[in-house]
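Have a look at input-v3.txt below; it lists compact mmCIF, C-alpha atoms.
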# COMPACT_ATOMS: atom_id res chain seq x y z
CA MET A 824 70.21 228.08 227.27
CA LEU A 825 70.41 224.68 228.99
CA ARG A 826 71.95 223.18 225.87
CA ARG A 827 74.64 225.86 225.77
CA HIS A 828 75.40 225.31 229.46
CA SER A 829 75.75 221.58 228.81
CA LEU A 830 78.13 222.28 225.92
CA LYS A 831 80.28 224.37 228.23
CA LEU A 832 80.46 221.64 230.86
CA MET A 833 81.20 218.92 228.30
CA ALA A 834 83.97 220.94 226.65
CA ALA A 835 85.52 221.81 230.01
CA PHE A 836 85.49 218.14 231.06
CA THR A 837 87.07 217.03 227.78
CA ALA A 838 89.76 219.68 228.08
CA SER A 839 90.60 218.53 231.59
CA LEU A 840 91.37 215.07 230.26
CA LEU A 841 93.86 216.40 227.77
CA VAL A 842 96.26 218.25 230.04
CA PRO A 843 99.38 216.09 230.49
CA PHE A 844 100.26 215.47 234.11
CA GLY A 845 103.68 215.96 235.59
CA ALA A 846 106.32 218.57 234.91
CA SER A 847 109.26 217.67 232.71
CA ALA A 848 112.88 217.81 233.78
CA GLU A 849 115.24 220.38 232.30
CA MET A 850 115.75 219.97 228.56
CA ALA A 851 118.91 218.08 227.58
CA ALA A 852 121.83 220.20 226.42
CA THR A 853 122.52 218.05 223.34
CA VAL A 854 121.22 215.01 221.48
CA ASP A 855 124.03 212.70 222.58
CA LYS A 856 122.31 209.36 221.92
CA PRO A 857 119.79 207.95 219.43
CA VAL A 858 116.21 209.14 219.86
CA THR A 859 113.01 209.02 217.81
CA ILE A 860 110.51 211.89 217.81
CA THR A 861 107.09 212.11 216.22
CA PHE A 862 106.20 214.96 213.85
CA TYR A 863 102.49 215.44 213.20
CA ASN A 864 102.31 217.30 209.89
CA TYR A 865 99.49 218.20 207.53
CA ASN A 866 101.63 219.30 204.58
CA LEU A 867 102.69 215.66 204.26
CA ALA A 868 99.06 214.66 203.77
CA SER A 869 98.61 216.71 200.60
CA ALA A 870 100.81 216.73 197.51
CA SER A 871 99.52 220.19 196.54
CA ALA A 872 100.46 221.57 199.97
CA GLY A 873 104.10 220.57 199.83
CA ALA A 874 104.45 216.90 200.77
CA ASP A 875 107.63 216.46 198.71
CA ALA A 876 109.18 219.65 200.09
CA THR A 877 108.40 218.54 203.65
CA LYS A 878 110.04 215.16 203.06
CA GLU A 879 113.09 217.02 201.76
CA LEU A 880 113.18 219.11 204.95
CA ILE A 881 112.98 216.05 207.20
CA ALA A 882 115.74 214.32 205.24
CA GLY A 883 117.95 217.40 205.56
CA PHE A 884 117.40 217.51 209.31
CA GLU A 885 118.18 213.82 209.81
CA LYS A 886 121.37 214.21 207.81
CA LYS A 887 122.44 217.04 210.10
CA PHE A 888 121.37 215.17 213.26
CA PRO A 889 122.09 211.47 212.64
CA ASN A 890 121.12 210.60 216.22
CA VAL A 891 117.54 211.78 215.62
CA LYS A 892 114.95 209.77 213.74
CA VAL A 893 111.83 211.73 212.80
CA GLU A 894 108.68 209.64 212.62
CA PRO A 895 106.34 211.62 210.34
CA ILE A 896 102.63 211.34 211.03
CA ALA A 897 100.70 212.71 208.06
CA VAL A 898 97.21 213.92 208.94
CA PRO A 899 94.93 216.21 206.85
CA SER A 900 94.73 219.75 208.20
CA ASN A 901 91.06 219.45 209.13
CA GLU A 902 91.77 216.31 211.21
CA ILE A 903 95.18 216.94 212.76
CA MET A 904 94.00 218.69 215.93
CA SER A 905 91.58 215.85 216.71
CA ARG A 906 94.36 213.32 216.11
CA VAL A 907 96.73 215.12 218.49
CA GLN A 908 94.01 215.28 221.15
CA ALA A 909 93.13 211.62 220.75
CA ASP A 910 96.76 210.51 220.97
CA ILE A 911 97.35 212.54 224.12
CA VAL A 912 94.29 210.97 225.76
CA ALA A 913 95.52 207.52 224.66
CA GLY A 914 98.92 208.14 226.26
CA ARG A 915 100.81 208.56 222.98
CA GLN A 916 102.46 211.89 223.75
CA PRO A 917 103.21 213.82 220.53
CA ASP A 918 106.61 215.45 220.29
CA VAL A 919 106.21 218.10 217.57
CA ALA A 920 103.00 219.10 215.80
CA GLN A 921 102.22 221.46 212.95
CA LEU A 922 98.94 223.07 214.01
CA VAL A 923 97.01 226.10 212.82
CA PHE A 924 96.84 229.40 214.65
CA ARG A 925 93.12 229.11 215.44
CA ASP A 926 94.06 226.47 218.04
CA LEU A 927 96.80 228.57 219.67
CA ILE A 928 95.09 229.63 222.90
CA TYR A 929 93.63 226.17 223.47
CA ILE A 930 97.04 224.53 222.96
CA ALA A 931 98.64 226.88 225.47
CA SER A 932 95.92 226.77 228.12
CA ASP A 933 94.45 223.25 227.86
CA LEU A 934 96.50 220.92 225.68
CA GLY A 935 99.87 221.08 227.43
CA GLY A 936 101.96 222.76 224.75
CA ASN A 937 105.42 223.88 225.92
CA ALA A 938 106.37 227.56 225.88
CA LEU A 939 109.82 227.94 224.34
CA GLU A 940 110.76 230.40 227.08
CA ASP A 941 110.11 227.66 229.66
CA MET A 942 112.24 225.10 227.78
CA VAL A 943 115.14 227.00 226.32
CA LYS A 944 117.72 229.17 228.08
CA PRO A 945 117.28 232.87 227.24
CA ALA A 946 120.61 233.31 225.43
CA GLU A 947 120.07 230.26 223.23
CA LEU A 948 116.51 231.26 222.36
CA LYS A 949 117.57 234.81 221.57
CA GLU A 950 120.22 233.51 219.19
CA GLN A 951 117.72 231.24 217.42
CA LEU A 952 115.07 233.93 216.96
CA ALA A 953 117.51 236.59 215.79
CA GLY A 954 116.73 237.70 212.25
CA MET A 955 113.14 236.48 212.28
CA ILE A 956 110.33 238.92 211.51
CA PRO A 957 109.11 240.31 214.87
CA ARG A 958 105.51 240.44 213.64
CA GLY A 959 105.82 236.80 212.61
CA LEU A 960 107.10 235.76 216.02
CA GLU A 961 104.15 237.46 217.70
CA LEU A 962 101.74 235.15 215.85
CA GLY A 963 102.50 232.23 218.16
CA LYS A 964 102.55 234.04 221.51
CA VAL A 965 100.08 233.77 224.36
CA ASP A 966 100.56 236.08 227.36
CA GLY A 967 104.04 236.99 226.14
CA LYS A 968 105.33 233.43 225.74
CA THR A 969 106.01 231.58 222.48
CA TYR A 970 103.94 228.40 222.34
CA GLY A 971 103.91 228.18 218.56
CA LEU A 972 106.84 229.11 216.32
CA ALA A 973 105.47 230.42 213.02
CA TYR A 974 106.32 227.90 210.32
CA THR A 975 104.30 227.76 207.09
CA PHE A 976 102.23 230.90 206.90
CA SER A 977 101.05 233.45 204.39
CA THR A 978 98.82 236.48 203.93
CA PRO A 979 95.92 236.86 201.50
CA ILE A 980 97.07 237.69 197.99
CA LEU A 981 94.98 238.75 194.98
CA TYR A 982 95.39 236.30 192.11
CA TYR A 983 94.08 237.74 188.86
CA ASN A 984 93.61 236.63 185.28
CA ALA A 985 95.31 239.19 183.02
CA ASP A 986 93.58 237.78 179.93
CA LEU A 987 90.10 238.32 181.38
CA PHE A 988 91.14 241.84 182.38
CA ARG A 989 92.01 242.60 178.76
CA GLN A 990 88.81 241.02 177.46
CA ALA A 991 86.81 243.20 179.85
CA GLY A 992 88.63 246.36 178.72
CA LEU A 993 90.66 246.58 181.92
CA ASN A 994 94.39 247.26 182.18
CA PRO A 995 96.15 244.25 183.76
CA ASP A 996 99.13 246.49 184.54
CA GLU A 997 96.90 248.41 186.95
CA PRO A 998 95.31 245.78 189.21
CA PRO A 999 92.66 246.82 191.76
CA LYS A 1000 94.06 248.60 194.79
CA THR A 1001 90.82 249.23 196.68
CA TRP A 1002 87.59 247.33 197.23
CA ALA A 1003 85.81 249.89 195.05
CA ASP A 1004 88.26 248.93 192.28
CA VAL A 1005 87.51 245.24 192.82
CA ALA A 1006 83.77 245.87 192.63
CA ALA A 1007 84.13 247.79 189.36
CA ALA A 1008 86.51 245.27 187.80
CA GLY A 1009 84.43 242.28 188.92
CA LYS A 1010 81.28 243.75 187.43
CA ALA A 1011 83.03 244.57 184.15
CA ILE A 1012 84.43 241.03 183.85
CA LYS A 1013 81.03 239.48 184.56
CA GLU A 1014 79.17 241.71 182.11
CA LYS A 1015 81.71 241.69 179.27
CA THR A 1016 83.09 238.16 179.37
CA GLY A 1017 80.34 236.15 181.07
CA LYS A 1018 82.93 234.73 183.47
CA ASN A 1019 82.91 235.17 187.24
CA GLY A 1020 84.36 238.47 188.40
CA PHE A 1021 85.67 238.00 191.93
CA PHE A 1022 85.58 235.64 194.90
CA PRO A 1023 87.42 235.70 198.25
CA GLY A 1024 88.38 232.48 200.00
CA ALA A 1025 86.77 233.89 203.12
CA TYR A 1026 83.87 231.53 203.73
CA GLY A 1027 85.35 228.14 204.48
CA PRO A 1028 84.57 226.68 207.90
CA THR A 1029 88.28 226.69 208.82
CA ASP A 1030 90.86 227.99 206.37
CA GLY A 1031 88.77 230.92 205.14
CA THR A 1032 88.70 232.60 208.52
CA PHE A 1033 92.03 234.34 208.01
CA VAL A 1034 90.84 235.97 204.76
CA TYR A 1035 87.65 237.12 206.45
CA GLN A 1036 89.60 238.53 209.41
CA SER A 1037 92.01 240.27 207.01
CA ILE A 1038 89.11 242.03 205.35
CA VAL A 1039 87.52 242.99 208.67
CA MET A 1040 90.76 244.24 210.21
CA SER A 1041 91.57 246.25 207.10
CA ASN A 1042 88.38 248.19 207.82
CA ARG A 1043 89.58 248.70 211.40
CA GLY A 1044 87.23 246.08 212.78
CA LYS A 1045 87.92 243.06 215.02
CA VAL A 1046 86.18 239.78 215.70
CA ARG A 1047 86.71 240.01 219.46
CA ASP A 1048 88.02 242.34 222.12
CA GLY A 1049 89.25 240.22 224.99
CA ASN A 1050 86.38 237.85 225.81
CA LYS A 1051 83.79 240.11 224.19
CA LEU A 1052 82.80 239.22 220.62
CA THR A 1053 82.79 242.19 218.25
CA PHE A 1054 82.32 240.72 214.77
CA ALA A 1055 78.90 242.42 214.50
CA ASP A 1056 80.23 245.87 215.50
CA THR A 1057 80.07 248.67 212.95
CA ASN A 1058 83.45 248.43 211.19
CA ALA A 1059 83.36 244.63 211.00
CA ALA A 1060 79.75 244.59 209.82
CA ASP A 1061 80.44 247.27 207.20
CA ALA A 1062 83.23 245.12 205.73
CA VAL A 1063 80.83 242.18 205.37
CA LYS A 1064 78.13 244.44 203.92
CA MET A 1065 80.63 245.52 201.25
CA LEU A 1066 80.91 241.88 200.15
CA HIS A 1067 77.11 241.51 200.29
CA ASP A 1068 76.72 244.52 198.01
CA MET A 1069 79.20 243.05 195.53
CA VAL A 1070 77.16 239.85 195.38
CA ALA A 1071 74.06 241.94 194.65
CA SER A 1072 75.83 243.83 191.85
CA GLY A 1073 77.14 240.68 190.20
CA ALA A 1074 80.79 241.56 190.83
CA HIS A 1075 81.12 238.82 193.47
CA ALA A 1076 80.52 235.29 192.20
CA LYS A 1077 77.78 233.07 193.64
CA ILE A 1078 79.61 229.75 193.74
CA ASP A 1079 80.37 227.00 196.23
CA PRO A 1080 83.31 228.23 198.34
CA ALA A 1081 84.91 224.78 198.01
CA SER A 1082 85.09 225.22 194.21
CA ALA A 1083 86.62 228.70 194.17
CA SER A 1084 90.27 227.76 193.57
CA ASP A 1085 89.31 225.31 190.81
CA THR A 1086 87.05 227.92 189.19
CA PHE A 1087 89.88 230.43 189.12
CA GLY A 1088 92.47 227.86 188.02
CA SER A 1089 90.31 226.83 185.09
CA GLY A 1090 90.24 230.39 183.75
CA ASN A 1091 86.61 231.06 184.69
CA MET A 1092 87.20 233.80 187.26
CA GLY A 1093 88.89 237.17 187.05
CA MET A 1094 90.10 237.62 190.66
CA PHE A 1095 90.57 235.36 193.67
CA LEU A 1096 91.74 236.53 197.11
CA TYR A 1097 93.38 233.68 198.97
CA THR A 1098 96.58 232.28 200.47
CA SER A 1099 99.87 232.45 198.58
CA ALA A 1100 100.38 228.81 199.53
CA LEU A 1101 98.41 228.01 196.37
CA LEU A 1102 100.90 229.83 194.15
CA SER A 1103 102.66 226.72 192.93
CA SER A 1104 99.44 224.87 192.07
CA MET A 1105 97.89 228.02 190.56
CA LYS A 1106 100.88 228.45 188.26
CA LYS A 1107 100.45 224.85 187.09
CA SER A 1108 96.71 225.33 186.54
CA ALA A 1109 97.18 228.57 184.61
CA ALA A 1110 100.02 227.30 182.39
CA GLY A 1111 98.86 227.33 178.78
CA LYS A 1112 95.42 228.70 179.72
CA PHE A 1113 95.85 232.28 180.86
CA GLU A 1114 98.36 234.79 182.18
CA LEU A 1115 98.42 234.61 185.97
CA ARG A 1116 99.39 237.69 187.98
CA LEU A 1117 99.46 238.64 191.67
CA ALA A 1118 98.63 241.85 193.52
CA ALA A 1119 98.44 242.88 197.16
CA MET A 1120 95.10 242.52 198.93
CA PRO A 1121 92.72 245.47 198.32
CA ALA A 1122 92.23 248.30 200.79
CA PHE A 1123 89.23 250.23 202.06
CA GLY A 1124 90.01 253.58 200.48
CA ASP A 1125 93.18 255.01 201.98
CA LYS A 1126 93.12 252.80 205.10
CA PRO A 1127 96.25 250.61 205.34
CA THR A 1128 95.46 246.93 204.89
CA ALA A 1129 95.91 244.59 207.84
CA PRO A 1130 96.62 241.18 206.26
CA THR A 1131 96.33 238.38 208.77
CA ASN A 1132 98.07 235.05 208.63
CA SER A 1133 96.99 231.67 207.43
CA GLY A 1134 99.04 228.54 207.86
CA SER A 1135 100.64 226.99 210.88
CA ALA A 1136 103.08 227.07 213.74
CA LEU A 1137 105.26 224.34 215.23
CA PHE A 1138 104.39 223.24 218.75
CA ILE A 1139 106.44 221.07 221.12
CA PHE A 1140 104.56 218.70 223.45
CA SER A 1141 107.50 216.50 224.53
CA LYS A 1142 107.98 216.03 228.26
CA ASP A 1143 111.10 213.84 228.03
CA PRO A 1144 114.30 215.96 228.29
CA LEU A 1145 116.11 214.26 225.38
CA LYS A 1146 113.06 214.36 223.13
CA GLN A 1147 112.57 218.01 224.02
CA ARG A 1148 116.09 218.79 222.82
CA ALA A 1149 115.58 216.79 219.60
CA SER A 1150 112.23 218.49 219.06
CA TYR A 1151 113.71 221.93 219.59
CA GLU A 1152 116.53 221.16 217.15
CA LEU A 1153 113.87 220.18 214.60
CA LEU A 1154 112.09 223.51 215.15
CA LYS A 1155 115.36 225.35 214.68
CA TYR A 1156 116.11 223.52 211.45
CA LEU A 1157 112.61 223.94 210.00
CA THR A 1158 112.81 227.72 210.53
CA SER A 1159 116.38 228.11 209.27
CA ARG A 1160 117.50 230.00 206.17
CA GLU A 1161 117.94 226.74 204.27
CA ALA A 1162 114.49 225.49 205.25
CA TYR A 1163 112.69 228.71 204.34
CA THR A 1164 114.35 228.70 200.94
CA ILE A 1165 112.67 225.34 200.31
CA ILE A 1166 109.37 226.31 201.97
CA THR A 1167 108.97 229.51 199.96
CA SER A 1168 110.26 228.37 196.57
CA LYS A 1169 108.67 224.91 196.54
CA ILE A 1170 105.43 225.48 198.48
CA GLY A 1171 104.73 229.21 198.32
CA TYR A 1172 104.62 230.20 201.98
CA LEU A 1173 106.27 233.36 203.25
CA PRO A 1174 109.79 233.21 204.71
CA LEU A 1175 110.03 234.14 208.37
CA ARG A 1176 113.54 235.42 207.61
CA LEU A 1177 113.68 238.36 205.21
CA ASP A 1178 117.48 238.37 205.03
CA ILE A 1179 117.27 235.46 202.56
CA VAL A 1180 114.98 237.22 200.10
CA ASP A 1181 117.64 238.76 197.85
CA ASP A 1182 120.56 236.55 198.88
CA PRO A 1183 121.73 234.54 195.84
CA ASN A 1184 122.56 231.66 198.16
CA TYR A 1185 118.92 231.40 199.19
CA LEU A 1186 115.86 233.00 197.52
CA GLY A 1187 117.59 235.61 195.35
CA GLY A 1188 117.58 233.57 192.16
CA TRP A 1189 114.06 232.25 192.65
CA LEU A 1190 112.62 235.74 193.19
CA LYS A 1191 114.22 236.96 189.98
CA GLU A 1192 112.29 234.25 188.17
CA ASN A 1193 109.11 234.89 190.21
CA PRO A 1194 108.94 238.67 190.71
CA MET A 1195 105.17 238.54 191.23
CA PHE A 1196 105.79 237.04 194.69
CA ARG A 1197 107.12 240.39 195.94
CA ALA A 1198 103.54 241.64 196.28
CA ASN A 1199 103.10 239.12 199.07
CA LEU A 1200 106.45 239.90 200.71
CA GLU A 1201 105.58 243.59 200.85
CA GLN A 1202 102.51 242.82 202.96
CA LEU A 1203 104.67 241.46 205.77
CA ASN A 1204 105.23 245.04 206.89
CA ARG A 1205 101.55 245.16 207.91
CA LEU A 1206 101.16 241.57 209.12
CA THR A 1207 98.44 241.40 211.78
CA ALA A 1208 97.82 238.37 213.99
CA ASN A 1209 94.77 236.28 213.16
CA LEU A 1210 92.75 236.32 216.39
CA ALA A 1211 92.08 232.94 217.95
CA PHE A 1212 89.16 232.51 220.33
CA PRO A 1213 89.69 231.63 224.01
CA GLY A 1214 87.90 228.98 226.00
CA ALA A 1215 86.98 225.34 225.53
CA ASN A 1216 84.19 226.26 223.09
CA TYR A 1217 86.44 228.20 220.71
CA ARG A 1218 85.63 226.10 217.67
CA GLN A 1219 81.87 226.39 218.16
CA VAL A 1220 82.21 230.16 218.50
CA GLU A 1221 84.24 230.37 215.30
CA LYS A 1222 81.73 228.19 213.42
CA MET A 1223 78.81 230.31 214.53
CA MET A 1224 80.64 233.43 213.39
CA MET A 1225 81.53 232.00 209.97
CA ASP A 1226 78.01 230.62 209.43
CA SER A 1227 76.65 234.12 210.05
CA VAL A 1228 79.20 235.66 207.66
CA ARG A 1229 78.03 233.39 204.85
CA GLU A 1230 74.42 234.19 205.64
CA ALA A 1231 75.19 237.92 205.72
CA VAL A 1232 77.08 237.88 202.40
CA PHE A 1233 74.85 235.58 200.36
CA GLY A 1234 71.46 235.94 202.09
CA LYS A 1235 68.71 238.39 201.24
CA GLY A 1236 68.27 239.75 204.73
CA ASP A 1237 70.04 242.56 206.58
CA PRO A 1238 73.76 241.59 206.88
CA ALA A 1239 74.19 243.45 210.16
CA ALA A 1240 71.20 241.69 211.71
CA ALA A 1241 72.53 238.24 210.74
CA LEU A 1242 75.88 239.00 212.36
CA LYS A 1243 74.32 240.49 215.50
CA SER A 1244 72.06 237.48 216.07
CA ALA A 1245 75.00 235.07 215.83
CA GLN A 1246 77.20 237.26 218.02
CA ASP A 1247 74.60 237.35 220.80
CA GLN A 1248 74.26 233.55 220.75
CA ALA A 1249 78.00 232.87 220.51
CA GLN A 1250 78.77 235.21 223.41
CA ASP A 1251 77.11 232.70 225.75
CA LEU A 1252 79.86 230.20 224.85
CA MET A 1253 82.74 232.54 225.62
CA PRO A 1254 84.65 232.19 228.92

Have the structure of the file written as structure tokens, please.
Amino acid sequence: MLRRHSLKLMAAFTASLLVPFGASAEMAATVDKPVTITFYNYNLASASAGADATKELIAGFEKKFPNVKVEPIAVPSNEIMSRVQADIVAGRQPDVAQLVFRDLIYIASDLGGNALEDMVKPAELKEQLAGMIPRGLELGKVDGKTYGLAYTFSTPILYYNADLFRQAGLNPDEPPKTWADVAAAGKAIKEKTGKNGFFPGAYGPTDGTFVYQSIVMSNRGKVRDGNKLTFADTNAADAVKMLHDMVASGAHAKIDPASASDTFGSGNMGMFLYTSALLSSMKKSAAGKFELRLAAMPAFGDKPTAPTNSGSALFIFSKDPLKQRASYELLKYLTSREAYTIITSKIGYLPLRLDIVDDPNYLGGWLKENPMFRANLEQLNRLTANLAFPGANYRQVEKMMMDSVREAVFGKGDPAAALKSAQDQAQDLMP
């Protein structure tokens, strides 16, 4: 208990160092003189995650705003939050950062992120957000204010190998719709082809959390209710037990979570539930090896699915009025119709603007060539926010939860007991 108390004090002290001091003046009305802004971005740090597309977006923005120079700072996704924190402490105030939703509450409460409603006049903000998916806009809100503007995000999608379906005597034109279907198909693929049946990208220490939460929420569970952790409650625990039972039956593969996408891409797995951001790389991997298809994430019987979001939002940290304006113009451009056409067609993330989907000037032509992507678009109607954890210890709480999920799914003990033990310990770290 003393160790947990010490962790709380240390985290609170660290957080206090990160809050920028001093309120900023009113944001400038225009960018009327040359200015340079920094853009911390993790897509730039990975060719498979859209580095070239992101460079294209920055070039397009600078062409439209010749007074603004964007200084890109490429940092891997698992390091970018630490880099932003370190630079703030060192006095190098970031201007714009692409950060994941798990950090949302911390950014708003402790890291000094700007709420758009506090920066931008109501009429201007209303005009900018018009046409965006309301459920998408909610992803970046804390206490009713928009701290993060949804940028590159997706929902879990079921990739499946149509060739392995045929070899197992399954009809690839009728992909699994429920978890019972997945269990049956996964077992058939394993037994009849010797290949892995199914694996969800739900167990990674960071990026798998959204898949896990999607599964839990689709069974009407939640990982927390306010400051009370609930990931061991009945509906959430039952969802994890379903995965545990699939492992026991052989339908669910026993592989290293870090190797799952490569295993599927090599043709050695029948089904893989993960982010649509991998669509481009999956198509390249499957080319010449097997027929790749997509389906919506499975449901628990007749319960509507509740796909949560992966990916990132754009946050503004600038305190200088001119840099704030330049940063806001960058946000506007990166969430424009032109930008989302590039983001969706060249990376695979969902567009925050559905009015471009069938427009021949934007995504219309691309979707005709890639009709399988519509399975992911359809899920936007049920988009459910991925719950971030509050408090300075939010990352420790999330890690303890995900460690217990892996133990519950792959261990030999009682899944519910593993979750309950972790929940009781993690609750001590909640605010």

d(CA of Lys1146 in chain A, CA of Glu940 in chain A) in Å: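 Atom-to-atom, CA of Lys1146 in chain A to CA of Glu940 in chain A, that is 16.7 Å.
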
Among listed residues A:Asn890, A:Ser1168, A:Ile1139, A:Ile1012, nearest Ala931 in chain A (using only C-alpha atoms): A:Ile1139

Expected residue set, 12 Å radius at (73.5, 243.7, 191.9), all atoms listed in the file, as a PyMOL selection string: chain A and resi 1006-1007+1009-1010+1013-1014+1065-1077+1233+1235

Non-local contacts of Pro999 in chain A (7 Å; all atoms listed in the file; under 5 positions in same chain excluded) as a VMD selection string: chain A and resid 1004 to 1005 1121

Include C-alpha atoms and write out the residues we just selected as a short mmCIF file (atom, residue, chain, number, x, y, z; two decimals), in the coordinates of the input.
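That gives us again.cif:
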data_model
loop_
_atom_site.label_atom_id
_atom_site.label_comp_id
_atom_site.auth_asym_id
_atom_site.auth_seq_id
_atom_site.Cartn_x
_atom_site.Cartn_y
_atom_site.Cartn_z
CA ASP A 1004 88.26 248.93 192.28
CA VAL A 1005 87.51 245.24 192.82
CA PRO A 1121 92.72 245.47 198.32
#

Selection near range 893-908 of chain A, 7 Å with only C-alpha atoms, sequence-local residues under 2 positions removed, as a ChimeraX atom specification: /A:841,859-865,867-868,891,910-912,917,922

Range 984-995 of chain A environment, 12 Å, only C-alpha atoms, sequence neighbours closer than 6 positions dropped, as a ChimeraX atom specification: /A:1004-1005,1007-1021,1086-1096,1105-1106,1108-1118

Point-to-point distance from CA of Pro957 in chain A to CA of Leu1101 in chain A, Å rounded to tenths: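 Between these atoms lies a distance of 24.7 Å.
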
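Of note, CA of Ala938 in chain A and CA of Thr969 in chain A are spaced 5.3 Å apart.
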
Radius query 10 Å about (73.6, 231.5, 219.1), atoms used: all atoms listed in the file, as a ChimeraX atom specification: /A:824,827,1219-1220,1223-1224,1227,1243-1252

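By all atoms listed in the file, and with residues fewer than 6 positions from Lys1000 in chain A along its chain excluded, the set lying at most 8 Å from it is Ala1119, Met1120, Pro1121 and Ala1122 of chain A.
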
Output for the residues just chosen: C-alpha atoms as a tab-separated table (two decimals), in the coordinates of the input:
chain	number	residue	atom	x	y	z
A	1119	ALA	CA	98.44	242.88	197.16
A	1120	MET	CA	95.10	242.52	198.93
A	1121	PRO	CA	92.72	245.47	198.32
A	1122	ALA	CA	92.23	248.30	200.79

Distance criterion (only C-alpha atoms): nearest to Glu1201 in chain A out of A:Gly1214, A:Pro1254, A:Pro979, A:Gly1024: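 Checking each candidate against Glu1201 in chain A, we get A:Pro979 as the closest.
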
Counting all atoms listed in the file, the residue of A:Leu1154, A:Ile1165, A:Ala909, A:Val858 that sits nearest Phe1138 in chain A: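 Between A:Leu1154, A:Ile1165, A:Ala909, A:Val858, the residue approaching Phe1138 in chain A most closely is A:Leu1154.
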
For Glu1221 in chain A: contacts at 10 Å, all atoms listed in the file, fewer than 3 positions along chain excluded, given as a PyMOL selection string: chain A and resi 925+1028-1029+1032+1046+1211-1212+1216-1218+1224-1227+1249

Go ahead and fit an axis-aligned box to every listed atom of range 1216-1230 of chain A plus 5 Å each side, and pass me the centre and edge lengths in Å, one decimal, as AutoDock Vina command-line options.
--center_x 80.4 --center_y 230.9 --center_z 214.0 --size_x 22.0 --size_y 19.6 --size_z 28.2
